[in-house]
Amino acid sequence: MKMNLRRTRQSCWLLLCLLIWVQAEEIPPEVFSYVKIEQLPTITNQSPSTLVAFPFDEEFQIKCEAKGNPKPIFWWKRNGEEYDPLSDPRVTAQKNSGTFTIYNNGNLTSFQGKYSCYASNKLGTAVSEETEFIIPNVPKFPKEKLEPIVVEEGESVVLHCNPPDGIPPLNIYWMTLDLQHIPLDERVSVGLNGDLYFANVEDKDSRNDYCCFAGFPRIRTIVQKMPMALVVNSSNSIKQRKPSFLKPSLNDSSHIIMLKGETVLLECVPAGLPTPLVEWIKVDGRMPTDRATEENFGKMLRLDQVSDEDNGIFRCIAKNDVGKATYDFYLTVEEPPRWKIKPESKTYTIGSSADLLCEAFGKPEPVITWEMNGIPIEQLTPSFRHKISQGKIELHNLQQHESAVFQCAASNKHGTILANANINVLNIHPIMMTADEVKYNTVAGNSVFMDCRVFGSPAPVISWTREDDIYSVESLRHNMFENGTLEIKNTSKEDSGTYICLATNSLGKEAITAVLNIRDSTKVVVLPVNQSALRSSLAELRCDVKYDITLQHAFTLIWEKDGEELDVTSTDHRNRFSVKDGVLYIRNVSLDDEGVYACIASTPLDMASARALLTVLDVPDPPEHLKLSDSQNQSIRLTWKQGSHHNSRITECIIEYEENRWEPGRWHEMERVPGIQSSVLLTLTPHVSYRFRVIAVNAIGKSKPSQPSARHLTPPAAPDRNPDNVRGEGHNPHEMTIKWQPLKPVEWNGPGLFYKVSWRLGGSNDSWEEVSVRQHSHTVKHAPTFQLYDIKVQAVNDLGPGPEPQVKHGFSGEDVPLEAPQKVSVDIINSTLIKVSWSKVPKESIRGHLRGYKITYWKVQHSHDGKRSHSDKYFLTFEGDRNHGMVPGLDPFSEYFLTIMILNGRGSGPESQPVTFSTPEGVPSPPDILELALISKDAVTLSWRPPVTPNGIVTHYHLQYQLINDTDEIGELVGIQLPNPDTLQWDISDLKSNSKYKFYLRACTVVGCSKPATEEGITTIQQVPVLLNITSSVSDTSANISWTPGMGKTDLEFYIAYMKTRKGMWKISDALNVAKNFHTIEGLEPGTEYTIRVMTKNWVDNTSIFEDVIETRGRAYGSASQGISTQGWFIGLMCATALLTIILLILCFVTRNKGGKYSVKEKEDMHPDLESPSLKDEIFGEYSIPKWNGLRKTQQYTESIKNRISINSDNDEKPLKGSLQSLNGDLKPAESADSLIDYGDADHGQFNEDGSFIGEYAGKKDRGSAEGNRSSLIMSQANA
């Protein structure tokens, strides 16, 4: 079935086999290595069309090389006549070549002429293009006697140069004998012919050494004409003359013919007085301004690259005040012959026909002539049997003996061009010029070209097939060229394989194979990205590449910067540049590192690249070229040039100044201007010597300062301003001090500055009292207390006073207020907050600026037990003029006294009569020290103490508990009301054994219940001993563990285990009885850390009642202490220390009781007293509390719990973890201070403008959460 399918395909594609016929062409050189074939001569090298024999050259080579089979022989024609270099002894000819060399022996004239080379073999003759050998003459000016030229002033004149003939270009110079150039301008100019033209002469033109120099740069020669004299006769009446033309002259033709592509120079040199000016126009078209330029002061029009569109009339117009003149140039653009169709060398089979074409264009139209083997066709007739026309030869039924070289010549008046065409007539079988089994490798996606160069006559038919397929390759991706090359576009892995190229003609067949391998292409999968980097930072450019693994051995990855390879191993780059895993690291980036970076990944088959721009950012370069201009008395303009912005736009410029009188060397900022500005008009101060500098700013930062400008001194003047911040204030009752902000030295405007101070009673029309001072303040004595004054201060220097000063107002010194507020009343808001109201005092009794009111209050009696408390005083300050205020943070169920006084800048006035008030009951604090006194299998006993702060009369307790096992089981919350407030213990039964419970206990008053005190515990299977207040004390070699038995059985036993903390084995004591109260561990090592566990069993596992870490004393410490304590010097030092301590305590006591108010300076600093004179100018806070109240509260609280907490006096004794003794660590100072700080200076936002408090009042802060102080006693051991 496959065979049938293959035959079907074969029949379908048979006619579609891709065949390429090789066109007739010249025989390739490679063919001669396979077969011997005769070949027509072909010129391969020849001399240019013009060869100049410069006198400084030693030899001149006229070249003619040709190829052919048989090898051609050479012969020459000179000026149309045969010339044999081999027979001329003056030249040297090369063997098997037409090239010969002429030597410069000083006489070359006979060699001048036009040379043509002929190369011939038995098949035909090839002819070279004509080469003209030019022997230039040495240019010389003739020796002649030149008569002086005499002209009248104002007339025109021409000094003729008439330079000798020579090799162009020609350069003309008019100079004097001392080689000074004659000045050229609109009046005097040099023409293209070298003449010197004067449009009109002046008296200064008279001189006798006008010399014309002709320069010939190609022969390195300059020649000089004999000097000429020009005599100008002066005239008193010079007539003006309208323009005329010195050039072109009447003999010059106005018709100009130029060759296409050359440069035309049109010249009009006018004469006239005044000197005419010349302009150019194109009469019949547009002047080609892109190619036309005016030179020689407008007298010459230069037109480059002339073309057919430049044909037409160009007019020059000369004008002066008298008239004008015109001249028209008629430009015709022609062209030498150029090839349109050049005859081609080709190979033809015997019996074939062909057309040999030859066409050329030019202006005038070229004439075409034919030659065969160097002989004109006309001379070959009638033996020449083929048809000839001017541009074509028709060849019919070519035979092998008709192989020949045909020459086609195209000629017009501007020149001749010649072309050779070899016509080879022969038959030859296909010859493969491409090697067999060539391997081609490329990457997927690229195109591949597989060669199959074949020569044959007739031209072979070429076809390509795959080795595994007999059919010719055929698809849109396959393309076969005329030379047999097969192109496969957009290759893929499936294109890999062996291909066969078959060439066939009537004489035979030839085939080759080609092997194609397709590899994976190289790709940049992670491209470097454009980025900006700060100078001195690290830049990273990543380039990840994927390529064919079979090409790994030849894979390379390089980096380029700005098109040049970056050698990271060079000395310049080694320390800053490195490449790792395709990432280019640039350390310490510099400005020179900016550029385009490219990673180039290469394999032998392809390459891939990616580019990224690295932009380096930096602060700008300093501005440059600072200049001062437009100087006035008090202003000057500063200009500068911006430095490089380093890729970050300059946003602003900072102008700084320095003066050398008051602060030399110190720079001050003067002005800032936008970054686009490079000039600023600066306003200056008189009598200052300025220097300026500029700093540029961009987003990266500031540049270095520029170099300073030149120094500029402004003249002195009277002050233009007066001091600022003029004020009058009194520190003593009968004084007023006038102060002001002094002028800066640079603001003095001149020497001798002082201040004129004036004052008078405020609002009066009294005359001003004045004083002149040089300091910055003045004190007015004997002033009334707190009196308003008008004051002013004026600056004056040696050049006069400053402007009239503004009148300011000030007060003389204050004194303490005379009266206390009256009608003081208290409104109870709740148990912790009251509102105090009062009446205002007369304004005259304040005697100063009203700063506010100060309330003093203290608790007199605690209502629930009748005991009197300490008379700790609290203070609150209310700013401004008001008649009420809120006092928060009071203790509920307490009696208070309260007084109020007024405050001014001097201090506080007398206190008002005390007012008594009582706060109502509040919510109590939680019950104190809730603990599990006894635990059994299904019952527990709870014990507690009354609330530390009952805030009223406790009426009952509310007890709740629930099951809270570690599983998801949560029991129902059970509540019990305990109506007796004296109940401090409660038994709870019917509990689950070995279960965890949580207990909540609240104390209640008539107002409400407290937050709960909580405790957790686990019922047990067996009864566990209860140990309280476990403590330890250590010596060198022993440790004493003591405890207090809990409620319940005291005959239960337990064990104590210990071991070294870092290493060691556990040791367990004998059974211990709960009632024993202590146990001593002997045999310990001094200075060693031990871990101690209290357990209910005599083996060690992860369960214990308690665990702690202790450390024994070191022996060295003990002996040293004993020795020191017995030394006399130590006893004396201790006695001195004790005496000093007693003295300090006495001083503190005296300081504390001074004034009967408070003694702690630190608290006064935190909450200042208005009575302090040093605080007259300060702003008072809303509230202030003395620190010693809190200290007394702490002592009070400590005394209240001494009977409930055991404190061991041994310094080395400490509570074990979990012991109730840890309550000492939770003790805080009494919260009497805290309750006020919450509402004091720190948060004024809690009060309205009238002083009322916003929000709810919760009373004092809790003095300790019962939940936080509960015992952490573990009530059962885990089941083993």
# chains A, B, ... in the order shown; residues from 1 in each chain; ligands from 1
>>> residues_around(residues="A:Ser609", least_positions_apart="2", cutoff="10 Å", atoms="only C-alpha atoms", output="MDAnalysis selection string")
chainID A and resid 522:524 527:528 543 545 557:559 598:602 607 611
>>> write_last_selection(atoms="N, CA and C atoms", output="mmCIF file, in the first residue's frame")
data_model
loop_
_atom_site.group_PDB
_atom_site.id
_atom_site.type_symbol
_atom_site.label_atom_id
_atom_site.label_comp_id
_atom_site.auth_asym_id
_atom_site.auth_seq_id
_atom_site.Cartn_x
_atom_site.Cartn_y
_atom_site.Cartn_z
ATOM 1 N N THR A 522 20.069 30.219 20.127
ATOM 2 C CA THR A 522 20.511 30.913 21.338
ATOM 3 C C THR A 522 19.541 32.052 21.628
ATOM 4 N N LYS A 523 19.074 32.116 22.886
ATOM 5 C CA LYS A 523 18.095 33.135 23.256
ATOM 6 C C LYS A 523 18.477 33.769 24.584
ATOM 7 N N VAL A 524 18.248 35.035 24.684
ATOM 8 C CA VAL A 524 18.392 35.740 25.973
ATOM 9 C C VAL A 524 17.032 35.679 26.652
ATOM 10 N N LEU A 527 16.445 39.530 30.068
ATOM 11 C CA LEU A 527 17.142 40.644 29.439
ATOM 12 C C LEU A 527 17.585 41.669 30.483
ATOM 13 N N PRO A 528 18.748 42.282 30.267
ATOM 14 C CA PRO A 528 19.108 43.411 31.129
ATOM 15 C C PRO A 528 18.129 44.559 30.905
ATOM 16 N N CYS A 543 21.749 38.932 32.576
ATOM 17 C CA CYS A 543 21.576 38.425 31.219
ATOM 18 C C CYS A 543 21.619 36.901 31.288
ATOM 19 N N VAL A 545 20.906 33.312 29.512
ATOM 20 C CA VAL A 545 20.908 32.847 28.128
ATOM 21 C C VAL A 545 20.600 31.352 28.086
ATOM 22 N N LEU A 557 29.998 34.249 26.351
ATOM 23 C CA LEU A 557 29.144 35.378 26.748
ATOM 24 C C LEU A 557 30.056 36.536 27.093
ATOM 25 N N ILE A 558 29.934 37.588 26.356
ATOM 26 C CA ILE A 558 30.747 38.773 26.605
ATOM 27 C C ILE A 558 29.830 39.962 26.818
ATOM 28 N N TRP A 559 30.380 40.987 27.422
ATOM 29 C CA TRP A 559 29.651 42.249 27.633
ATOM 30 C C TRP A 559 30.365 43.352 26.865
ATOM 31 N N ALA A 598 25.715 45.859 26.470
ATOM 32 C CA ALA A 598 25.132 44.774 25.688
ATOM 33 C C ALA A 598 25.764 43.463 26.129
ATOM 34 N N CYS A 599 24.910 42.470 26.387
ATOM 35 C CA CYS A 599 25.423 41.122 26.600
ATOM 36 C C CYS A 599 25.265 40.380 25.278
ATOM 37 N N ILE A 600 26.353 39.757 24.825
ATOM 38 C CA ILE A 600 26.370 39.090 23.532
ATOM 39 C C ILE A 600 26.713 37.628 23.776
ATOM 40 N N ALA A 601 25.727 36.764 23.526
ATOM 41 C CA ALA A 601 25.909 35.328 23.678
ATOM 42 C C ALA A 601 26.140 34.736 22.299
ATOM 43 N N SER A 602 27.235 33.972 22.140
ATOM 44 C CA SER A 602 27.613 33.487 20.822
ATOM 45 C C SER A 602 27.891 31.998 20.852
ATOM 46 N N MET A 607 24.097 33.976 17.348
ATOM 47 C CA MET A 607 24.353 34.825 18.495
ATOM 48 C C MET A 607 23.051 35.509 18.891
ATOM 49 N N ARG A 611 20.425 44.678 25.039
ATOM 50 C CA ARG A 611 21.067 45.922 25.451
ATOM 51 C C ARG A 611 20.257 46.614 26.527
#
>>> residues_around(residues="stretch 660-664 of chain A", least_positions_apart="6", cutoff="9 Å", atoms="only C-alpha atoms", output="count of residues only")
6
>>> residues_around(residues="A:Ile1041", least_positions_apart="5", cutoff="7 Å", atoms="only C-alpha atoms", output="short mmCIF file (atom, residue, chain, number, x, y, z; two decimals) with C-alpha atoms, in the first residue's frame")
data_model
loop_
_atom_site.label_atom_id
_atom_site.label_comp_id
_atom_site.auth_asym_id
_atom_site.auth_seq_id
_atom_site.Cartn_x
_atom_site.Cartn_y
_atom_site.Cartn_z
CA THR A 1031 11.29 29.81 99.99
CA SER A 1032 14.96 28.89 99.84
CA SER A 1033 18.13 30.06 101.57
CA PHE A 1078 11.48 22.94 106.33
CA HIS A 1079 14.11 20.56 104.92
CA THR A 1080 17.91 21.01 104.67
#
>>> select_by_dssp(residues="stretch 456-676 of chain A", states="helix (DSSP H, G or I)", output="PyMOL selection string")
chain A and resi 493-495+549-554+591-593
>>> residues_around(residues="stretch 127-140 of chain A", least_positions_apart="4", cutoff="8 Å", atoms="only C-alpha atoms", output="ChimeraX atom specification")
/A:43,46-54,64,108-109,111-119,164-167,223,373-374,407,417-418,420
>>> residues_around(residues="A:Ile976", least_positions_apart="4", cutoff="9 Å", atoms="only C-alpha atoms", output="list in words")
Tyr957, His958, Leu959, Gln960 and Tyr961 of chain A
>>> write_last_selection(atoms="all heavy atoms", output="PDB file, in the first residue's frame")
ATOM      1  N   TYR A 957     -20.695  38.718  98.408  1.00  0.00           N
ATOM      2  CA  TYR A 957     -19.794  38.226  97.374  1.00  0.00           C
ATOM      3  C   TYR A 957     -20.601  37.389  96.395  1.00  0.00           C
ATOM      4  O   TYR A 957     -21.580  36.744  96.769  1.00  0.00           O
ATOM      5  CB  TYR A 957     -18.662  37.373  97.964  1.00  0.00           C
ATOM      6  CG  TYR A 957     -17.680  38.167  98.794  1.00  0.00           C
ATOM      7  CD1 TYR A 957     -17.825  38.281 100.174  1.00  0.00           C
ATOM      8  CD2 TYR A 957     -16.605  38.802  98.187  1.00  0.00           C
ATOM      9  CE1 TYR A 957     -16.923  39.005 100.937  1.00  0.00           C
ATOM     10  CE2 TYR A 957     -15.698  39.534  98.939  1.00  0.00           C
ATOM     11  CZ  TYR A 957     -15.864  39.627 100.308  1.00  0.00           C
ATOM     12  OH  TYR A 957     -14.975  40.346 101.048  1.00  0.00           O
ATOM     13  N   HIS A 958     -20.150  37.382  95.135  1.00  0.00           N
ATOM     14  CA  HIS A 958     -20.797  36.567  94.100  1.00  0.00           C
ATOM     15  C   HIS A 958     -19.746  35.615  93.526  1.00  0.00           C
ATOM     16  O   HIS A 958     -18.739  36.053  92.952  1.00  0.00           O
ATOM     17  CB  HIS A 958     -21.367  37.446  93.001  1.00  0.00           C
ATOM     18  CG  HIS A 958     -22.160  36.685  91.973  1.00  0.00           C
ATOM     19  ND1 HIS A 958     -23.347  36.054  92.271  1.00  0.00           N
ATOM     20  CD2 HIS A 958     -21.926  36.451  90.656  1.00  0.00           C
ATOM     21  CE1 HIS A 958     -23.807  35.463  91.199  1.00  0.00           C
ATOM     22  NE2 HIS A 958     -22.955  35.691  90.184  1.00  0.00           N
ATOM     23  N   LEU A 959     -19.972  34.285  93.704  1.00  0.00           N
ATOM     24  CA  LEU A 959     -19.024  33.254  93.299  1.00  0.00           C
ATOM     25  C   LEU A 959     -19.590  32.500  92.102  1.00  0.00           C
ATOM     26  O   LEU A 959     -20.766  32.112  92.107  1.00  0.00           O
ATOM     27  CB  LEU A 959     -18.752  32.279  94.469  1.00  0.00           C
ATOM     28  CG  LEU A 959     -17.862  31.084  94.151  1.00  0.00           C
ATOM     29  CD1 LEU A 959     -16.453  31.535  93.744  1.00  0.00           C
ATOM     30  CD2 LEU A 959     -17.789  30.156  95.361  1.00  0.00           C
ATOM     31  N   GLN A 960     -18.728  32.248  91.066  1.00  0.00           N
ATOM     32  CA  GLN A 960     -19.092  31.457  89.902  1.00  0.00           C
ATOM     33  C   GLN A 960     -17.951  30.512  89.566  1.00  0.00           C
ATOM     34  O   GLN A 960     -16.791  30.802  89.851  1.00  0.00           O
ATOM     35  CB  GLN A 960     -19.368  32.365  88.684  1.00  0.00           C
ATOM     36  CG  GLN A 960     -20.577  33.260  88.822  1.00  0.00           C
ATOM     37  CD  GLN A 960     -20.705  34.211  87.639  1.00  0.00           C
ATOM     38  OE1 GLN A 960     -19.799  34.980  87.375  1.00  0.00           O
ATOM     39  NE2 GLN A 960     -21.839  34.147  86.960  1.00  0.00           N
ATOM     40  N   TYR A 961     -18.304  29.348  88.991  1.00  0.00           N
ATOM     41  CA  TYR A 961     -17.280  28.414  88.529  1.00  0.00           C
ATOM     42  C   TYR A 961     -17.833  27.610  87.384  1.00  0.00           C
ATOM     43  O   TYR A 961     -19.023  27.504  87.177  1.00  0.00           O
ATOM     44  CB  TYR A 961     -16.802  27.522  89.678  1.00  0.00           C
ATOM     45  CG  TYR A 961     -17.882  26.594  90.244  1.00  0.00           C
ATOM     46  CD1 TYR A 961     -18.048  25.297  89.734  1.00  0.00           C
ATOM     47  CD2 TYR A 961     -18.719  27.033  91.275  1.00  0.00           C
ATOM     48  CE1 TYR A 961     -19.033  24.477  90.250  1.00  0.00           C
ATOM     49  CE2 TYR A 961     -19.703  26.206  91.795  1.00  0.00           C
ATOM     50  CZ  TYR A 961     -19.851  24.925  91.277  1.00  0.00           C
ATOM     51  OH  TYR A 961     -20.824  24.111  91.769  1.00  0.00           O
TER      52      TYR A 961
END
>>> atom_distance(atom1="atom CA of A:Pro430", atom2="atom CA of A:Phe481")
17.3 Å
>>> residues_around(residues="A:Asn749", least_positions_apart="2", cutoff="7 Å", atoms="only C-alpha atoms", output="ChimeraX atom specification")
/A:685-687,716-719,746-747
>>> write_last_selection(atoms="all heavy atoms", output="compact mmCIF listing (two decimals), in the first residue's frame")
# COMPACT_ATOMS: atom_id res chain seq x y z
N THR A 685 23.33 94.67 51.25
CA THR A 685 23.31 95.54 52.43
C THR A 685 24.50 96.49 52.35
O THR A 685 25.61 96.08 51.96
CB THR A 685 23.41 94.68 53.70
OG1 THR A 685 22.28 93.80 53.75
CG2 THR A 685 23.43 95.55 54.95
N PRO A 686 24.30 97.76 52.73
CA PRO A 686 25.42 98.71 52.68
C PRO A 686 26.57 98.31 53.62
O PRO A 686 26.38 97.59 54.60
CB PRO A 686 24.78 100.04 53.11
CG PRO A 686 23.32 99.86 52.84
CD PRO A 686 23.04 98.42 53.09
N HIS A 687 27.75 98.79 53.27
CA HIS A 687 28.95 98.66 54.10
C HIS A 687 29.33 97.19 54.35
O HIS A 687 29.66 96.80 55.45
CB HIS A 687 28.73 99.39 55.43
CG HIS A 687 30.02 99.66 56.17
ND1 HIS A 687 31.08 100.29 55.57
CD2 HIS A 687 30.38 99.39 57.46
CE1 HIS A 687 32.06 100.39 56.46
NE2 HIS A 687 31.66 99.85 57.60
N PRO A 716 28.64 102.59 52.60
CA PRO A 716 27.85 102.64 53.84
C PRO A 716 26.61 103.51 53.67
O PRO A 716 26.53 104.37 52.79
CB PRO A 716 28.83 103.23 54.85
CG PRO A 716 29.80 103.99 54.04
CD PRO A 716 29.93 103.28 52.73
N ALA A 717 25.64 103.31 54.59
CA ALA A 717 24.39 104.08 54.58
C ALA A 717 23.78 104.01 55.97
O ALA A 717 24.22 103.22 56.83
CB ALA A 717 23.43 103.55 53.53
N ALA A 718 22.78 104.84 56.22
CA ALA A 718 22.06 104.78 57.49
C ALA A 718 21.29 103.46 57.57
O ALA A 718 20.99 102.84 56.54
CB ALA A 718 21.11 105.96 57.61
N PRO A 719 20.97 102.99 58.80
CA PRO A 719 20.24 101.73 58.92
C PRO A 719 18.92 101.80 58.15
O PRO A 719 18.24 102.83 58.12
CB PRO A 719 20.00 101.58 60.43
CG PRO A 719 21.09 102.39 61.06
CD PRO A 719 21.32 103.54 60.14
N VAL A 746 25.90 92.52 59.75
CA VAL A 746 25.77 92.85 58.33
C VAL A 746 24.59 93.76 58.08
O VAL A 746 24.42 94.28 56.97
CB VAL A 746 25.64 91.57 57.48
CG1 VAL A 746 26.89 90.74 57.55
CG2 VAL A 746 24.43 90.74 57.91
N GLU A 747 23.73 93.97 59.09
CA GLU A 747 22.57 94.84 58.94
C GLU A 747 22.84 96.25 59.50
O GLU A 747 21.95 97.09 59.48
CB GLU A 747 21.35 94.24 59.66
CG GLU A 747 20.92 92.90 59.09
CD GLU A 747 19.83 92.23 59.93
OE1 GLU A 747 19.73 92.52 61.14
OE2 GLU A 747 19.09 91.42 59.36
>>> atom_distance(atom1="atom CA of A:Ser993", atom2="atom CA of A:Leu1028")
22.9 Å
>>> select_by_dssp(residues="stretch 905-969 of chain A", states="strand (DSSP E or B)", output="JSON, numbers by chain")
{"A": [908, 915, 916, 917, 918, 928, 929, 930, 931, 932, 933, 934, 935, 940, 941, 942, 943, 944, 945, 956, 957, 958, 959, 960, 961, 962, 963]}
